[in-house]
>>> print(open('model-v3.pdb').read())   # PDB, C-alpha atoms
ATOM      1  CA  MET A   1      76.899  88.794  73.228
ATOM      2  CA  LYS A   2      78.008  86.224  75.763
ATOM      3  CA  SER A   3      80.729  88.530  77.023
ATOM      4  CA  LEU A   4      78.186  91.311  77.525
ATOM      5  CA  ALA A   5      75.959  88.957  79.533
ATOM      6  CA  ILE A   6      78.903  87.860  81.689
ATOM      7  CA  SER A   7      79.958  91.475  82.284
ATOM      8  CA  PHE A   8      76.389  92.405  83.196
ATOM      9  CA  LEU A   9      76.013  89.491  85.615
ATOM     10  CA  SER A  10      79.419  90.209  87.136
ATOM     11  CA  GLY A  11      78.388  93.813  87.740
ATOM     12  CA  LEU A  12      75.118  92.641  89.252
ATOM     13  CA  VAL A  13      76.759  90.192  91.664
ATOM     14  CA  PHE A  14      79.423  92.796  92.476
ATOM     15  CA  ALA A  15      76.676  95.260  93.447
ATOM     16  CA  LEU A  16      74.933  92.666  95.617
ATOM     17  CA  GLY A  17      78.245  92.017  97.365
ATOM     18  CA  LEU A  18      78.799  95.738  97.931
ATOM     19  CA  GLY A  19      75.289  96.149  99.336
ATOM     20  CA  ILE A  20      75.313  93.091 101.572
ATOM     21  CA  SER A  21      78.813  93.784 102.890
ATOM     22  CA  GLY A  22      78.052  97.333 104.039
ATOM     23  CA  MET A  23      80.274  99.074 101.475
ATOM     24  CA  THR A  24      77.293 101.128 100.242
ATOM     25  CA  ARG A  25      76.828 102.638 103.713
ATOM     26  CA  PRO A  26      79.068 105.651 104.479
ATOM     27  CA  VAL A  27      78.517 104.978 108.198
ATOM     28  CA  LYS A  28      80.332 101.644 107.789
ATOM     29  CA  VAL A  29      83.077 103.094 105.575
ATOM     30  CA  ILE A  30      83.732 106.016 107.892
ATOM     31  CA  GLY A  31      83.533 103.678 110.893
ATOM     32  CA  PHE A  32      86.161 101.454 109.273
ATOM     33  CA  LEU A  33      88.444 104.427 108.667
ATOM     34  CA  ASP A  34      87.937 105.746 112.208
ATOM     35  CA  PHE A  35      90.966 104.002 113.698
ATOM     36  CA  PHE A  36      91.334 106.630 116.394
ATOM     37  CA  GLY A  37      87.673 106.566 117.397
ATOM     38  CA  ARG A  38      85.221 103.709 117.587
ATOM     39  CA  TRP A  39      86.733 101.496 114.936
ATOM     40  CA  ASP A  40      84.319  99.232 113.058
ATOM     41  CA  ALA A  41      86.451  96.430 111.625
ATOM     42  CA  SER A  42      83.672  94.989 109.436
ATOM     43  CA  LEU A  43      84.992  96.228 106.110
ATOM     44  CA  ALA A  44      88.360  94.618 106.745
ATOM     45  CA  LEU A  45      86.508  91.310 106.465
ATOM     46  CA  VAL A  46      85.071  92.344 103.110
ATOM     47  CA  MET A  47      88.545  92.826 101.772
ATOM     48  CA  ILE A  48      89.878  89.619 103.330
ATOM     49  CA  THR A  49      87.207  87.344 101.874
ATOM     50  CA  ALA A  50      87.125  89.104  98.499
ATOM     51  CA  VAL A  51      90.904  88.806  98.237
ATOM     52  CA  ALA A  52      90.788  85.134  99.294
ATOM     53  CA  VAL A  53      88.350  84.283  96.494
ATOM     54  CA  TYR A  54      90.143  86.401  93.899
ATOM     55  CA  PHE A  55      93.550  85.035  94.887
ATOM     56  CA  ALA A  56      92.288  81.515  94.115
ATOM     57  CA  ALA A  57      90.946  82.725  90.764
ATOM     58  CA  TRP A  58      94.278  84.398  90.027
ATOM     59  CA  ARG A  59      96.168  81.146  90.681
ATOM     60  CA  ILE A  60      93.764  79.259  88.410
ATOM     61  CA  SER A  61      94.134  81.873  85.677
ATOM     62  CA  ALA A  62      97.908  81.474  85.778
ATOM     63  CA  ARG A  63      97.461  77.921  84.455
ATOM     64  CA  MET A  64      95.139  78.976  81.658
ATOM     65  CA  SER A  65      96.500  79.904  78.236
ATOM     66  CA  ALA A  66      93.509  82.153  77.605
ATOM     67  CA  PRO A  67      90.333  83.225  79.389
ATOM     68  CA  LEU A  68      87.210  81.094  78.834
ATOM     69  CA  ASP A  69      85.473  83.749  76.757
ATOM     70  CA  ALA A  70      88.226  85.987  75.335
ATOM     71  CA  ARG A  71      91.453  85.683  73.366
ATOM     72  CA  GLU A  72      93.854  86.919  75.990
ATOM     73  CA  PHE A  73      94.247  88.152  79.534
ATOM     74  CA  ARG A  74      94.518  91.921  79.708
ATOM     75  CA  ILE A  75      96.168  92.489  83.040
ATOM     76  CA  PRO A  76      97.997  95.694  84.035
ATOM     77  CA  SER A  77     101.758  95.329  83.802
ATOM     78  CA  ARG A  78     103.781  95.692  86.957
ATOM     79  CA  GLY A  79     104.783  99.309  86.748
ATOM     80  CA  GLN A  80     106.745 101.500  89.068
ATOM     81  CA  ILE A  81     105.578 102.910  92.339
ATOM     82  CA  ASP A  82     105.681 106.572  91.388
ATOM     83  CA  LEU A  83     104.459 109.924  92.632
ATOM     84  CA  GLN A  84     101.288 109.707  90.551
ATOM     85  CA  LEU A  85     100.289 106.439  92.192
ATOM     86  CA  VAL A  86     100.938 107.692  95.708
ATOM     87  CA  SER A  87      99.406 111.146  95.290
ATOM     88  CA  GLY A  88      96.416 109.745  93.413
ATOM     89  CA  ALA A  89      95.795 107.155  96.121
ATOM     90  CA  ALA A  90      96.129 109.853  98.790
ATOM     91  CA  MET A  91      93.542 112.012  96.996
ATOM     92  CA  PHE A  92      91.218 109.078  96.529
ATOM     93  CA  GLY A  93      91.492 108.083 100.200
ATOM     94  CA  ALA A  94      90.778 111.655 101.296
ATOM     95  CA  GLY A  95      87.609 111.720  99.191
ATOM     96  CA  TRP A  96      86.612 108.254 100.400
ATOM     97  CA  GLY A  97      86.971 109.314 104.026
ATOM     98  CA  LEU A  98      85.221 112.628 103.445
ATOM     99  CA  GLY A  99      82.192 111.344 101.534
ATOM    100  CA  GLY A 100      82.090 107.701 102.596
ATOM    101  CA  PHE A 101      81.709 106.452  99.022
ATOM    102  CA  CYS A 102      84.148 104.859  96.598
ATOM    103  CA  PRO A 103      83.277 104.408  92.900
ATOM    104  CA  GLY A 104      81.537 100.993  92.935
ATOM    105  CA  PRO A 105      79.218 101.622  95.882
ATOM    106  CA  ALA A 106      78.441 105.122  94.580
ATOM    107  CA  ILE A 107      77.325 103.818  91.175
ATOM    108  CA  THR A 108      75.363 100.995  92.831
ATOM    109  CA  SER A 109      73.691 103.423  95.247
ATOM    110  CA  LEU A 110      72.375 105.550  92.379
ATOM    111  CA  ALA A 111      69.578 102.963  92.429
ATOM    112  CA  SER A 112      68.561 104.248  95.863
ATOM    113  CA  GLY A 113      67.426 107.499  94.270
ATOM    114  CA  ALA A 114      69.099 109.539  97.005
ATOM    115  CA  PRO A 115      70.070 112.997  95.665
ATOM    116  CA  ALA A 116      73.283 112.963  97.728
ATOM    117  CA  VAL A 117      74.541 109.971  95.737
ATOM    118  CA  LEU A 118      73.795 111.708  92.472
ATOM    119  CA  VAL A 119      75.747 114.762  93.650
ATOM    120  CA  PHE A 120      78.719 112.577  94.582
ATOM    121  CA  VAL A 121      78.665 110.606  91.305
ATOM    122  CA  ALA A 122      78.377 113.784  89.199
ATOM    123  CA  ALA A 123      81.399 115.272  91.004
ATOM    124  CA  MET A 124      83.291 111.978  90.630
ATOM    125  CA  ALA A 125      82.634 111.926  86.885
ATOM    126  CA  ALA A 126      83.807 115.543  86.684
ATOM    127  CA  GLY A 127      87.017 114.628  88.527
ATOM    128  CA  MET A 128      87.674 111.754  86.129
ATOM    129  CA  ARG A 129      86.973 113.948  83.106
ATOM    130  CA  LEU A 130      89.276 116.663  84.445
ATOM    131  CA  HIS A 131      92.098 114.128  84.671
ATOM    132  CA  GLN A 132      91.425 112.912  81.135
ATOM    133  CA  LEU A 133      91.520 116.482  79.810
ATOM    134  CA  LEU A 134      94.773 117.248  81.638
ATOM    135  CA  VAL A 135      96.366 114.088  80.253
ATOM    136  CA  ALA A 136      95.240 115.007  76.740
ATOM    137  CA  ARG A 137      96.718 118.503  77.130
ATOM    138  CA  ARG A 138      99.987 117.157  78.435
ATOM    139  CA  ALA A 139     100.187 114.787  75.477
ATOM    140  CA  GLN A 140     100.155 117.818  73.159
ATOM    141  CA  ALA A 141     102.642 119.781  75.214
ATOM    142  CA  PRO A 142     105.914 118.098  74.098
ATOM    143  CA  ALA A 143     105.202 118.890  70.443
ATOM    144  CA  ARG A 144     104.751 122.539  71.303
ATOM    145  CA  ALA A 145     107.802 122.488  73.542
ATOM    146  CA  SER A 146     110.019 121.084  70.804
ATOM    147  CA  VAL A 147     108.953 123.820  68.399
ATOM    148  CA  LEU A 148     109.786 126.467  70.952
ATOM    149  CA  SER A 149     112.850 124.687  72.245
ATOM    150  CA  PRO A 150     116.120 126.673  71.839
ATOM    151  CA  ALA A 151     117.867 123.469  70.769
ATOM    152  CA  ALA A 152     115.889 123.596  67.542
ATOM    153  CA  ASP A 153     117.855 126.712  66.559
ATOM    154  CA  SER A 154     121.160 124.910  66.182
TER     155      SER A 154
ATOM    156  CA  MET B 155      77.431 103.052 115.042
ATOM    157  CA  HIS B 156      80.245 100.702 115.917
ATOM    158  CA  ASP B 157      78.111  97.699 115.109
ATOM    159  CA  PHE B 158      80.472  94.967 114.004
ATOM    160  CA  THR B 159      78.832  92.952 111.212
ATOM    161  CA  PRO B 160      81.339  90.211 110.386
ATOM    162  CA  VAL B 161      78.974  87.715 108.746
ATOM    163  CA  SER B 162      77.361  90.049 106.213
ATOM    164  CA  ALA B 163      80.745  91.682 105.572
ATOM    165  CA  ALA B 164      82.424  88.330 104.895
ATOM    166  CA  LEU B 165      79.539  87.112 102.736
ATOM    167  CA  GLY B 166      79.471  90.332 100.724
ATOM    168  CA  GLY B 167      83.217  90.061 100.234
ATOM    169  CA  VAL B 168      82.816  86.551  98.829
ATOM    170  CA  LEU B 169      80.261  87.837  96.289
ATOM    171  CA  ILE B 170      82.599  90.671  95.304
ATOM    172  CA  GLY B 171      85.422  88.148  94.900
ATOM    173  CA  ILE B 172      83.252  85.837  92.765
ATOM    174  CA  ALA B 173      82.123  88.717  90.535
ATOM    175  CA  ALA B 174      85.686  89.946  89.999
ATOM    176  CA  ALA B 175      86.897  86.364  89.488
ATOM    177  CA  ALA B 176      84.294  85.836  86.741
ATOM    178  CA  MET B 177      85.617  88.890  84.874
ATOM    179  CA  LEU B 178      89.139  87.493  85.138
ATOM    180  CA  LEU B 179      88.459  83.858  84.242
ATOM    181  CA  PHE B 180      85.886  84.450  81.488
ATOM    182  CA  GLU B 181      86.908  87.795  80.026
ATOM    183  CA  GLY B 182      90.521  88.202  81.116
ATOM    184  CA  ARG B 183      89.730  91.624  82.544
ATOM    185  CA  ILE B 184      90.358  93.344  85.834
ATOM    186  CA  ALA B 185      87.105  94.427  87.478
ATOM    187  CA  GLY B 186      88.387  97.881  88.339
ATOM    188  CA  ILE B 187      85.328 100.037  88.684
ATOM    189  CA  SER B 188      86.967 103.483  88.490
ATOM    190  CA  GLY B 189      88.662 102.450  85.252
ATOM    191  CA  ILE B 190      85.427 101.031  83.866
ATOM    192  CA  VAL B 191      83.476 104.209  84.648
ATOM    193  CA  ALA B 192      86.229 106.463  83.298
ATOM    194  CA  GLY B 193      86.307 104.332  80.154
ATOM    195  CA  LEU B 194      82.667 105.175  79.544
ATOM    196  CA  LEU B 195      83.412 108.903  79.901
ATOM    197  CA  LYS B 196      86.097 108.639  77.216
ATOM    198  CA  PRO B 197      85.104 105.693  75.043
ATOM    199  CA  GLU B 198      87.725 103.579  73.296
ATOM    200  CA  LYS B 199      86.867 101.382  70.344
ATOM    201  CA  GLY B 200      85.961  97.842  71.376
ATOM    202  CA  GLU B 201      86.145  98.703  75.071
ATOM    203  CA  THR B 202      82.782 100.303  75.581
ATOM    204  CA  GLY B 203      80.354  97.396  75.348
ATOM    205  CA  TRP B 204      81.579  95.297  78.258
ATOM    206  CA  LYS B 205      82.140  98.365  80.432
ATOM    207  CA  ALA B 206      78.594  99.604  79.804
ATOM    208  CA  ALA B 207      77.239  96.105  80.488
ATOM    209  CA  PHE B 208      79.164  95.939  83.770
ATOM    210  CA  VAL B 209      77.878  99.350  84.919
ATOM    211  CA  LEU B 210      74.318  98.403  83.925
ATOM    212  CA  GLY B 211      74.815  95.264  86.003
ATOM    213  CA  LEU B 212      75.872  97.383  88.982
ATOM    214  CA  LEU B 213      72.726  99.483  88.594
ATOM    215  CA  ALA B 214      70.519  96.395  88.199
ATOM    216  CA  GLY B 215      72.109  94.939  91.316
ATOM    217  CA  GLY B 216      71.459  98.253  93.013
ATOM    218  CA  LEU B 217      67.765  98.029  92.149
ATOM    219  CA  LEU B 218      67.653  94.434  93.344
ATOM    220  CA  LEU B 219      69.145  95.555  96.654
ATOM    221  CA  ARG B 220      66.539  98.240  96.930
ATOM    222  CA  ALA B 221      63.807  95.601  96.661
ATOM    223  CA  ALA B 222      65.364  92.745  98.620
ATOM    224  CA  PHE B 223      67.911  94.335 100.966
ATOM    225  CA  PRO B 224      66.976  97.991 101.563
ATOM    226  CA  GLY B 225      69.330  98.118 104.547
ATOM    227  CA  ALA B 226      72.107  98.587 101.982
ATOM    228  CA  TYR B 227      70.909 102.180 101.614
ATOM    229  CA  ASP B 228      70.710 102.868 105.319
ATOM    230  CA  PHE B 229      73.551 105.336 104.734
ATOM    231  CA  GLY B 230      73.785 106.464 108.349
ATOM    232  CA  ILE B 231      76.027 109.400 107.497
ATOM    233  CA  ILE B 232      75.267 111.783 104.651
ATOM    234  CA  ARG B 233      77.769 114.593 104.373
ATOM    235  CA  PRO B 234      76.614 118.056 103.252
ATOM    236  CA  TYR B 235      76.500 118.531  99.474
ATOM    237  CA  SER B 236      79.550 120.803  99.536
ATOM    238  CA  ALA B 237      81.583 118.018 101.165
ATOM    239  CA  LEU B 238      80.174 115.421  98.757
ATOM    240  CA  VAL B 239      81.201 117.550  95.762
ATOM    241  CA  ALA B 240      84.746 117.885  97.113
ATOM    242  CA  ALA B 241      84.800 114.167  97.939
ATOM    243  CA  GLY B 242      83.555 113.194  94.486
ATOM    244  CA  LEU B 243      86.167 115.362  92.753
ATOM    245  CA  LEU B 244      88.938 113.854  94.899
ATOM    246  CA  VAL B 245      87.724 110.305  94.273
ATOM    247  CA  GLY B 246      87.299 110.856  90.534
ATOM    248  CA  PHE B 247      90.623 112.610  89.946
ATOM    249  CA  GLY B 248      92.582 110.539  92.459
ATOM    250  CA  THR B 249      91.465 107.158  91.143
ATOM    251  CA  ARG B 250      92.510 108.150  87.608
ATOM    252  CA  LEU B 251      95.873 109.447  88.769
ATOM    253  CA  ALA B 252      96.465 106.241  90.755
ATOM    254  CA  ASN B 253      94.862 104.141  88.010
ATOM    255  CA  GLY B 254      92.568 102.264  90.372
ATOM    256  CA  CYS B 255      90.343 102.300  93.410
ATOM    257  CA  THR B 256      89.133  99.892  96.084
ATOM    258  CA  SER B 257      88.217  97.244  93.505
ATOM    259  CA  GLY B 258      91.123  97.398  91.056
ATOM    260  CA  HIS B 259      93.887  98.003  93.600
ATOM    261  CA  GLY B 260      92.229  96.900  96.847
ATOM    262  CA  VAL B 261      90.806  93.559  95.704
ATOM    263  CA  CYS B 262      92.260  92.546  92.333
ATOM    264  CA  GLY B 263      95.711  94.098  92.758
ATOM    265  CA  ILE B 264      96.346  92.894  96.295
ATOM    266  CA  SER B 265      95.310  89.363  95.266
ATOM    267  CA  ARG B 266      97.864  89.508  92.453
ATOM    268  CA  LEU B 267     100.452  90.647  95.026
ATOM    269  CA  SER B 268     101.114  93.736  92.919
ATOM    270  CA  PRO B 269     103.471  96.081  94.787
ATOM    271  CA  ARG B 270     101.775  99.084  93.167
ATOM    272  CA  SER B 271      98.353  97.979  94.363
ATOM    273  CA  ILE B 272      99.538  97.120  97.855
ATOM    274  CA  THR B 273     101.147 100.566  98.097
ATOM    275  CA  ALA B 274      98.049 102.312  96.738
ATOM    276  CA  THR B 275      95.771 100.476  99.167
ATOM    277  CA  LEU B 276      97.913 101.309 102.197
ATOM    278  CA  VAL B 277      98.059 104.948 101.094
ATOM    279  CA  PHE B 278      94.322 105.366 100.469
ATOM    280  CA  ILE B 279      93.384 103.705 103.752
ATOM    281  CA  ALA B 280      95.895 105.877 105.647
ATOM    282  CA  SER B 281      94.737 109.024 103.899
ATOM    283  CA  GLY B 282      91.078 108.143 104.478
ATOM    284  CA  ALA B 283      91.786 107.509 108.161
ATOM    285  CA  LEU B 284      93.541 110.866 108.437
ATOM    286  CA  VAL B 285      90.598 112.711 106.895
ATOM    287  CA  VAL B 286      88.093 110.867 109.107
ATOM    288  CA  TYR B 287      90.212 111.764 112.117
ATOM    289  CA  LEU B 288      90.307 115.418 111.121
ATOM    290  CA  VAL B 289      86.591 115.593 110.367
ATOM    291  CA  ASN B 290      85.324 113.577 113.328
ATOM    292  CA  HIS B 291      87.719 114.522 116.063
ATOM    293  CA  LEU B 292      89.405 117.823 115.381
ATOM    294  CA  TRP B 293      86.599 119.648 113.633
ATOM    295  CA  GLY B 294      84.091 117.863 115.843
ATOM    296  CA  ALA B 295      81.580 117.303 113.086
ATOM    297  CA  ALA B 296      78.472 115.673 114.464
ATOM    298  CA  VAL B 297      78.332 112.455 112.543
ATOM    299  CA  ARG B 298      76.626 110.049 114.849
TER     300      ARG B 298
END
>>> encode(input="model-v3.pdb", output="structure tokens")
Amino acid sequence: MKSLAISFLSGLVFALGLGISGMTRPVKVIGFLDFFGRWDASLALVMITAVAVYFAAWRISARMSAPLDAREFRIPSRGQIDLQLVSGAAMFGAGWGLGGFCPGPAITSLASGAPAVLVFVAAMAAGMRLHQLLVARRAQAPARASVLSPAADS
Amino acid sequence: MHDFTPVSAALGGVLIGIAAAAMLLFEGRIAGISGIVAGLLKPEKGETGWKAAFVLGLLAGGLLLRAAFPGAYDFGIIRPYSALVAAGLLVGFGTRLANGCTSGHGVCGISRLSPRSITATLVFIASGALVVYLVNHLWGAAVR
């Protein structure tokens, strides 16, 4: 119960931060990405201060044996920089520049009631689902491949 | 539109940092919003409750903004629906392929000095800048 309350409050404060910072406004996002036009540097400051706070929290967490309200830290392992990471980030950036929304601000902005946000979020959910379905299909593929594989004949 | 808003940007960033830090220090989780949303689309046992609570918190914060800080929804630029559909598909698929977005890679990952996250962030900013350049300058879309 406590963990649900903390997650809820964290989401709430996160949304306030997104709204106050300008991240929920495509005009600010697109202005930030418009390096070759009239660049609006504001969102660089969002990242700088957010990283500064989180960096401190990260250093504190390194001295903790466990989180305050959970058994263990569940942090992504340091994987490889691969084609999936780079192509995925390139796709995400293209969509971010085209629409002016990334996932957090889009979800937050659903509260505005603007139909455009709903359209974006529905398409975003479809994109995520499509990836999940492709991953699930690929997971089945090797089994099929091994059955059909010529090596199985020998 | 090139109104530089350093104070609200910095303050908002601090709130984002505090919110993500709370998830780390209390729950041991990365506040990666694309992963959280995708997790709700394909629920895993024991992983759904906190993700749903976080998204409900985002929506509650969104409603609070609407009441107390309506300027947050002064979008300024609204692309046509066709562009928003393409953008949403790219954001949804791309963030799953890259396993993170602006929050997970851009804030949490960079703070952890993760080479993957630093790479992802540089790539998505560069790719976003390229698309904005193409849309604003080459295609001459009237955006402001």
>>> atom_distance(input="model-v3.pdb", atom1="atom CA of Ala206 of chain B", atom2="atom CA of Ala192 of chain B")
10.8 Å
>>> resolve_selection(input="model-v3.pdb", expression="the PyMOL selection byres ((chain B) within 6 of (chain A))", output="PDB file with C-alpha atoms, in the frame of the given file")
ATOM      1  CA  HIS B 156      80.245 100.702 115.917  1.00  0.00           C
ATOM      2  CA  PHE B 158      80.472  94.967 114.004  1.00  0.00           C
ATOM      3  CA  THR B 159      78.832  92.952 111.212  1.00  0.00           C
ATOM      4  CA  PRO B 160      81.339  90.211 110.386  1.00  0.00           C
ATOM      5  CA  SER B 162      77.361  90.049 106.213  1.00  0.00           C
ATOM      6  CA  ALA B 163      80.745  91.682 105.572  1.00  0.00           C
ATOM      7  CA  ALA B 164      82.424  88.330 104.895  1.00  0.00           C
ATOM      8  CA  GLY B 166      79.471  90.332 100.724  1.00  0.00           C
ATOM      9  CA  GLY B 167      83.217  90.061 100.234  1.00  0.00           C
ATOM     10  CA  VAL B 168      82.816  86.551  98.829  1.00  0.00           C
ATOM     11  CA  LEU B 169      80.261  87.837  96.289  1.00  0.00           C
ATOM     12  CA  ILE B 170      82.599  90.671  95.304  1.00  0.00           C
ATOM     13  CA  GLY B 171      85.422  88.148  94.900  1.00  0.00           C
ATOM     14  CA  ALA B 173      82.123  88.717  90.535  1.00  0.00           C
ATOM     15  CA  ALA B 175      86.897  86.364  89.488  1.00  0.00           C
ATOM     16  CA  LEU B 179      88.459  83.858  84.242  1.00  0.00           C
ATOM     17  CA  PHE B 180      85.886  84.450  81.488  1.00  0.00           C
ATOM     18  CA  GLU B 181      86.908  87.795  80.026  1.00  0.00           C
ATOM     19  CA  GLY B 182      90.521  88.202  81.116  1.00  0.00           C
ATOM     20  CA  ARG B 183      89.730  91.624  82.544  1.00  0.00           C
ATOM     21  CA  ILE B 187      85.328 100.037  88.684  1.00  0.00           C
ATOM     22  CA  SER B 188      86.967 103.483  88.490  1.00  0.00           C
ATOM     23  CA  TRP B 204      81.579  95.297  78.258  1.00  0.00           C
ATOM     24  CA  ALA B 207      77.239  96.105  80.488  1.00  0.00           C
ATOM     25  CA  PHE B 208      79.164  95.939  83.770  1.00  0.00           C
ATOM     26  CA  GLY B 211      74.815  95.264  86.003  1.00  0.00           C
ATOM     27  CA  LEU B 212      75.872  97.383  88.982  1.00  0.00           C
ATOM     28  CA  LEU B 213      72.726  99.483  88.594  1.00  0.00           C
ATOM     29  CA  GLY B 215      72.109  94.939  91.316  1.00  0.00           C
ATOM     30  CA  GLY B 216      71.459  98.253  93.013  1.00  0.00           C
ATOM     31  CA  LEU B 217      67.765  98.029  92.149  1.00  0.00           C
ATOM     32  CA  ALA B 226      72.107  98.587 101.982  1.00  0.00           C
ATOM     33  CA  PHE B 229      73.551 105.336 104.734  1.00  0.00           C
ATOM     34  CA  GLY B 230      73.785 106.464 108.349  1.00  0.00           C
ATOM     35  CA  ILE B 231      76.027 109.400 107.497  1.00  0.00           C
ATOM     36  CA  LEU B 238      80.174 115.421  98.757  1.00  0.00           C
ATOM     37  CA  VAL B 239      81.201 117.550  95.762  1.00  0.00           C
ATOM     38  CA  ALA B 241      84.800 114.167  97.939  1.00  0.00           C
ATOM     39  CA  GLY B 242      83.555 113.194  94.486  1.00  0.00           C
ATOM     40  CA  LEU B 243      86.167 115.362  92.753  1.00  0.00           C
ATOM     41  CA  LEU B 244      88.938 113.854  94.899  1.00  0.00           C
ATOM     42  CA  VAL B 245      87.724 110.305  94.273  1.00  0.00           C
ATOM     43  CA  GLY B 246      87.299 110.856  90.534  1.00  0.00           C
ATOM     44  CA  PHE B 247      90.623 112.610  89.946  1.00  0.00           C
ATOM     45  CA  GLY B 248      92.582 110.539  92.459  1.00  0.00           C
ATOM     46  CA  THR B 249      91.465 107.158  91.143  1.00  0.00           C
ATOM     47  CA  LEU B 251      95.873 109.447  88.769  1.00  0.00           C
ATOM     48  CA  ALA B 252      96.465 106.241  90.755  1.00  0.00           C
ATOM     49  CA  VAL B 261      90.806  93.559  95.704  1.00  0.00           C
ATOM     50  CA  SER B 265      95.310  89.363  95.266  1.00  0.00           C
ATOM     51  CA  ARG B 270     101.775  99.084  93.167  1.00  0.00           C
ATOM     52  CA  ALA B 274      98.049 102.312  96.738  1.00  0.00           C
ATOM     53  CA  VAL B 277      98.059 104.948 101.094  1.00  0.00           C
ATOM     54  CA  PHE B 278      94.322 105.366 100.469  1.00  0.00           C
ATOM     55  CA  ILE B 279      93.384 103.705 103.752  1.00  0.00           C
ATOM     56  CA  SER B 281      94.737 109.024 103.899  1.00  0.00           C
ATOM     57  CA  GLY B 282      91.078 108.143 104.478  1.00  0.00           C
ATOM     58  CA  ALA B 283      91.786 107.509 108.161  1.00  0.00           C
ATOM     59  CA  VAL B 285      90.598 112.711 106.895  1.00  0.00           C
ATOM     60  CA  VAL B 286      88.093 110.867 109.107  1.00  0.00           C
TER      61      VAL B 286
END
>>> atom_distance(input="model-v3.pdb", atom1="atom CA of Leu218 of chain B", atom2="atom CA of Ala174 of chain B")
18.9 Å
>>> atom_distance(input="model-v3.pdb", atom1="atom CA of Lys196 of chain B", atom2="atom CA of Arg138 of chain A")
16.3 Å
